[in-house]
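start.cif follows; it contains mmCIF, C-alpha atoms.
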data_input
loop_
_atom_site.label_atom_id
_atom_site.label_comp_id
_atom_site.auth_asym_id
_atom_site.auth_seq_id
_atom_site.Cartn_x
_atom_site.Cartn_y
_atom_site.Cartn_z
CA MET A 11 67.28 83.26 113.06
CA LYS A 12 69.40 83.21 109.94
CA ARG A 13 66.34 83.34 107.69
CA THR A 14 65.01 86.34 109.63
CA ALA A 15 68.33 88.15 109.30
CA LEU A 16 68.49 87.52 105.58
CA ALA A 17 64.91 88.65 105.11
CA CYS A 18 65.66 91.96 106.81
CA LEU A 19 68.82 92.48 104.78
CA LEU A 20 67.05 91.60 101.54
CA ALA A 21 64.37 94.17 102.29
CA LEU A 22 66.97 96.87 103.00
CA ALA A 23 69.35 96.23 100.12
CA ALA A 24 69.02 97.24 96.51
CA ALA A 25 68.47 94.39 94.08
CA VAL A 26 71.98 93.08 93.50
CA ALA A 27 72.38 89.90 91.49
CA GLY A 28 74.66 88.21 89.04
CA CYS A 29 78.42 88.27 88.82
CA SER A 30 80.34 90.54 91.17
CA HIS A 31 83.48 90.72 89.06
CA ALA A 32 84.24 94.18 87.77
CA GLY A 33 85.23 95.16 84.30
CA PRO A 34 87.54 98.05 83.51
CA ARG A 35 87.08 101.11 85.66
CA PRO A 36 85.05 103.72 83.76
CA ALA A 37 87.06 106.72 82.67
CA GLY A 38 86.03 110.33 82.73
CA PRO A 39 84.79 112.18 79.65
CA PRO A 40 87.27 111.82 76.77
CA PRO A 41 89.12 114.79 75.27
CA GLY A 42 86.77 116.99 73.29
CA ASP A 43 83.72 115.66 75.09
CA PRO A 44 80.93 118.23 75.63
CA LEU A 45 81.21 117.58 79.36
CA GLY A 46 84.83 118.70 79.36
CA ASP A 47 83.93 122.12 80.80
CA VAL A 48 81.29 120.92 83.25
CA ARG A 49 82.08 121.74 86.87
CA ALA A 50 82.80 118.97 89.34
CA SER A 51 79.72 119.81 91.42
CA GLU A 52 77.50 119.55 88.34
CA LEU A 53 79.03 116.21 87.37
CA TYR A 54 78.28 114.98 90.87
CA ARG A 55 74.68 116.21 90.66
CA ARG A 56 74.17 114.54 87.30
CA GLY A 57 75.72 111.34 88.61
CA LEU A 58 73.19 111.24 91.43
CA ALA A 59 70.36 111.90 88.99
CA LEU A 60 71.50 109.05 86.74
CA ALA A 61 71.70 106.75 89.75
CA ARG A 62 68.10 107.59 90.66
CA MET A 63 67.11 106.70 87.08
CA GLY A 64 68.86 103.34 87.37
CA ASP A 65 71.60 104.19 84.87
CA PHE A 66 74.37 102.96 87.16
CA VAL A 67 77.15 102.66 84.58
CA ARG A 68 76.87 106.31 83.49
CA ALA A 69 76.36 107.37 87.10
CA GLU A 70 79.67 105.72 87.98
CA GLN A 71 81.38 107.56 85.12
CA TYR A 72 80.00 110.94 86.19
CA LEU A 73 80.83 110.45 89.86
CA THR A 74 84.34 109.26 89.04
CA SER A 75 84.85 112.31 86.82
CA ALA A 76 83.54 114.60 89.56
CA ILE A 77 86.17 113.26 91.97
CA ALA A 78 88.89 113.57 89.32
CA ARG A 79 87.99 117.26 88.91
CA GLY A 80 88.17 118.01 92.60
CA PHE A 81 84.81 117.14 94.10
CA PRO A 82 85.40 116.02 97.74
CA GLU A 83 85.95 112.28 97.80
CA GLU A 84 84.52 111.93 101.28
CA ARG A 85 81.19 113.17 99.90
CA ALA A 86 81.23 111.40 96.53
CA LEU A 87 82.58 107.98 97.49
CA PRO A 88 79.45 106.70 99.29
CA ALA A 89 77.31 107.46 96.24
CA LEU A 90 79.95 105.99 93.93
CA LEU A 91 80.07 102.77 95.95
CA ARG A 92 76.29 102.56 95.97
CA VAL A 93 76.07 102.63 92.17
CA CYS A 94 78.83 100.04 91.87
CA VAL A 95 77.08 97.70 94.29
CA ALA A 96 73.72 98.27 92.61
CA SER A 97 75.22 97.20 89.27
CA SER A 98 76.99 94.19 90.87
CA ARG A 99 80.40 95.80 90.31
CA LEU A 100 81.75 94.99 93.75
CA ARG A 101 85.33 94.72 92.58
CA ALA A 102 85.01 98.13 90.96
CA ALA A 103 83.70 99.48 94.26
CA LEU A 104 86.84 98.19 95.97
CA GLY A 105 88.94 99.74 93.21
CA HIS A 106 87.45 103.13 94.02
CA ALA A 107 87.57 102.79 97.81
CA GLU A 108 90.88 101.11 98.58
CA PRO A 109 93.18 103.89 97.23
CA TYR A 110 91.36 106.47 99.37
CA LEU A 111 91.64 104.18 102.38
CA GLU A 112 95.37 103.79 101.79
CA ARG A 113 95.73 107.58 101.89
CA ASN A 114 93.33 107.96 104.81
CA PRO A 115 93.77 104.88 107.02
CA ASP A 116 91.74 106.41 109.86
CA ALA A 117 88.58 106.72 107.74
CA TRP A 118 86.72 104.12 109.76
CA SER A 119 83.35 104.56 108.03
CA LEU A 120 84.88 103.81 104.63
CA ARG A 121 86.70 100.83 106.10
CA TYR A 122 83.33 99.61 107.37
CA LEU A 123 81.89 99.86 103.86
CA VAL A 124 84.90 98.05 102.45
CA SER A 125 84.46 95.31 105.06
CA SER A 126 80.92 94.67 103.87
CA ILE A 127 82.08 94.58 100.25
CA TYR A 128 84.83 92.10 101.09
CA LEU A 129 82.13 89.91 102.56
CA GLY A 130 80.07 90.38 99.40
CA VAL A 131 82.90 89.05 97.20
CA GLY A 132 83.57 86.15 99.56
CA GLU A 133 86.79 87.45 101.13
CA VAL A 134 85.75 86.53 104.66
CA ASP A 135 89.19 86.81 106.27
CA ARG A 136 89.72 90.32 104.91
CA ALA A 137 86.22 91.30 105.99
CA ARG A 138 86.90 90.07 109.51
CA GLU A 139 90.30 91.79 109.75
CA SER A 140 88.85 95.02 108.42
CA LEU A 141 85.95 94.98 110.89
CA GLU A 142 88.33 94.36 113.77
CA ARG A 143 90.26 97.45 112.67
CA VAL A 144 87.05 99.49 112.48
CA ILE A 145 86.12 98.48 116.02
CA ALA A 146 89.59 99.41 117.25
CA ASP A 147 89.34 102.83 115.58
CA ALA A 148 85.68 103.53 116.45
CA PRO A 149 84.81 101.42 119.51
CA ASP A 150 81.56 103.27 120.21
CA GLN A 151 79.98 102.58 116.81
CA PRO A 152 77.43 99.73 117.09
CA ASP A 153 77.02 98.56 113.48
CA PRO A 154 80.54 97.13 113.06
CA TYR A 155 79.91 94.89 116.07
CA TYR A 156 76.72 93.65 114.45
CA LEU A 157 78.37 92.84 111.12
CA LEU A 158 81.35 91.19 112.80
CA GLY A 159 78.95 89.10 114.86
CA VAL A 160 77.27 87.95 111.64
CA VAL A 161 80.65 87.04 110.13
CA LEU A 162 81.77 85.12 113.21
CA ARG A 163 78.47 83.26 113.49
CA ASP A 164 77.76 82.48 109.84
CA GLU A 165 81.22 82.23 108.27
CA VAL A 166 83.72 81.40 111.02
CA GLY A 167 81.56 79.33 113.36
CA ASP A 168 82.83 81.23 116.41
CA ARG A 169 79.64 81.25 118.46
CA PRO A 170 81.14 82.72 121.69
CA GLY A 171 82.87 85.46 119.67
CA ALA A 172 79.66 86.24 117.80
CA ALA A 173 77.70 86.41 121.07
CA ARG A 174 80.21 88.89 122.52
CA ARG A 175 79.98 91.18 119.49
CA PHE A 176 76.18 90.98 119.46
CA SER A 177 76.05 91.78 123.16
CA ARG A 178 78.28 94.79 122.62
CA TYR A 179 75.97 95.97 119.85
CA LEU A 180 73.03 95.81 122.25
CA ALA A 181 74.96 97.70 124.89
CA LEU A 182 75.65 100.51 122.43
CA ALA A 183 72.31 100.47 120.57
CA PRO A 184 69.59 98.82 122.70
CA ALA A 185 66.94 100.27 120.38
CA GLY A 186 69.01 100.05 117.20
CA ALA A 187 67.87 98.85 113.79
CA HIS A 188 69.19 95.34 114.46
CA ALA A 189 68.30 95.13 118.16
CA ARG A 190 65.42 92.66 117.86
CA GLU A 191 67.38 90.44 115.50
CA VAL A 192 70.45 90.55 117.71
CA ARG A 193 68.53 89.64 120.86
CA ALA A 194 67.16 86.60 119.09
CA ALA A 195 70.66 85.78 117.85
CA VAL A 196 72.09 85.91 121.35
CA ARG A 197 69.37 83.57 122.65
CA ALA A 198 70.06 81.15 119.80
CA LEU A 199 73.81 81.28 120.38
CA GLU A 200 73.32 80.46 124.05
CA ALA A 201 71.36 77.35 123.10
CA THR A 202 72.92 74.02 122.11
CA PRO A 203 75.50 74.60 119.33
CA VAL A 204 74.61 73.33 115.89
CA ALA A 205 76.85 72.62 112.93
CA ARG A 206 77.40 75.53 110.57
CA PRO A 207 75.93 74.69 107.14
CA PRO A 208 78.17 74.99 104.08
CA ARG A 209 78.01 78.26 102.21
CA SER A 210 75.59 78.21 99.29
CA ARG A 211 74.98 80.38 96.26
CA ALA A 212 72.02 81.85 98.10
CA GLY A 213 74.33 82.71 100.97
CA ARG A 214 76.78 84.47 98.66
CA ARG A 215 73.93 86.45 97.09
CA ALA A 216 72.78 87.41 100.58
CA HIS A 217 76.25 88.73 101.36
CA ARG A 218 76.19 90.87 98.24
CA LYS A 219 72.82 92.24 99.27
CA ARG A 220 74.15 92.86 102.76
CA ALA A 221 76.94 94.93 101.23
CA GLY A 222 74.31 96.98 99.41
CA ALA A 223 72.40 97.53 102.63
CA VAL A 224 75.50 98.71 104.48
CA VAL A 225 76.67 101.04 101.71
CA SER A 226 73.22 102.57 101.36
CA ARG A 227 73.30 103.91 104.93
CA VAL A 228 76.55 105.90 104.73
CA GLU A 229 76.40 109.40 103.24
CA VAL A 230 79.80 110.91 104.09
CA ILE A 231 83.13 109.24 104.78
CA ARG A 232 84.44 109.93 108.27
#

Show how you would write the structure in this file as structure tokens.
Amino acid sequence: MKRTALACLLALAAAVAGCSHAGPRPAGPPPGDPLGDVRASELYRRGLALARMGDFVRAEQYLTSAIARGFPEERALPALLRVCVASSRLRAALGHAEPYLERNPDAWSLRYLVSSIYLGVGEVDRARESLERVIADAPDQPDPYYLLGVVLRDEVGDRPGAARRFSRYLALAPAGAHAREVRAAVRALEATPVARPPRSRAGRRAHRKRAGAVVSRVEVIR
């Protein structure tokens, strides 16, 4: 089951590898820069274009500058997080997202993204707490139940808790993207319990890729 889940997530996620520690947050264009008079909407458009070209560092700079000049954060943040994750700058992604979340604590979709990134950097307890908050704020959204089920099964070893979250996912999304995987997970969880293997480097890489998959599906913060 676990191999199947990882295979699906690897197929969905952008190639994310290497160290997840962020360097300094990129600044906007310096004084006197030719981009100094460029409108926020144009900076955003150019940031997206750079991301499509694979120039994630410059894309992050443009998107950050677009927000600084007034482009709506709820529209720009998903793209900004995507480029950070794609360049393995998960800590930078948190640096962009957490201040907005502090100002907008009810933004459940951003909290969901942040939960996946916490998991990607190995902060399992924070990921779990954050997902529980998402479910409390948006109880009819299926994907948080799926991700929390994965955390409880693979990281916490809480098989009954994982089964409950997976079952809730199926109740909300019987034909959802993870439905087949989740049905197999529930059957496996109802079987004889097995010891949870220790986390490996491959497992940590899979969590980073899972973060990329989650971030890639959110377009606007709600």

Report task. Run through the PyMOL selection byres ((chain A and resi 93-95) around 8) on the given coordinates and return the selected residues as JSON, numbers by chain. Result -> {"A": [26, 61, 66, 67, 69, 70, 89, 90, 91, 92, 96, 97, 98, 99, 100, 102, 103, 218, 221, 222]}

Report task. Can you turn the PyMOL selection byres ((chain A and resi 121) around 9) into a concrete residue list for this file, as a list in words? Result -> Ala107, Glu108, Leu111, Pro115, Asp116, Ala117, Trp118, Ser119, Leu120, Tyr122, Leu123, Val124, Ser125, Ser126, Ser140, Leu141, Arg143 and Val144 of chain A

Query raised in the report: Separation of atom CA of A:Ala172 and atom CA of A:Arg138, in Å?
Result: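 The value is 11.7 Å.
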
Query raised in the report: Given the choices A:Leu87, A:Leu199, A:Ser51, A:Tyr128, which gets closest to A:Gly167 if the distance is worked out from only C-alpha atoms?
Result: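 Distance minimum relative to A:Gly167 lands on A:Leu199.
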
**Report entry** Evaluate the PyMOL selection byres ((chain A and resi 175) around 9) and report residues as a PyMOL selection string
**Finding:** chain A and resi 154-160+162+170-174+176-180

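Using only C-alpha atoms, the smallest distance between any of A:Ala195, A:Val48, A:Gly57, A:Val161 and A:Glu139 comes from A:Val161.
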
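We find atom CA of A:Tyr72 and atom CA of A:Pro88 to be spaced 13.8 Å apart.
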
Report task. In Å, rounded to a single decimal, give me how far atom CA of A:Leu53 is from atom CA of A:Ser75. Result ->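 Going from atom CA of A:Ser75 over to atom CA of A:Leu53, I get 7.0 Å.
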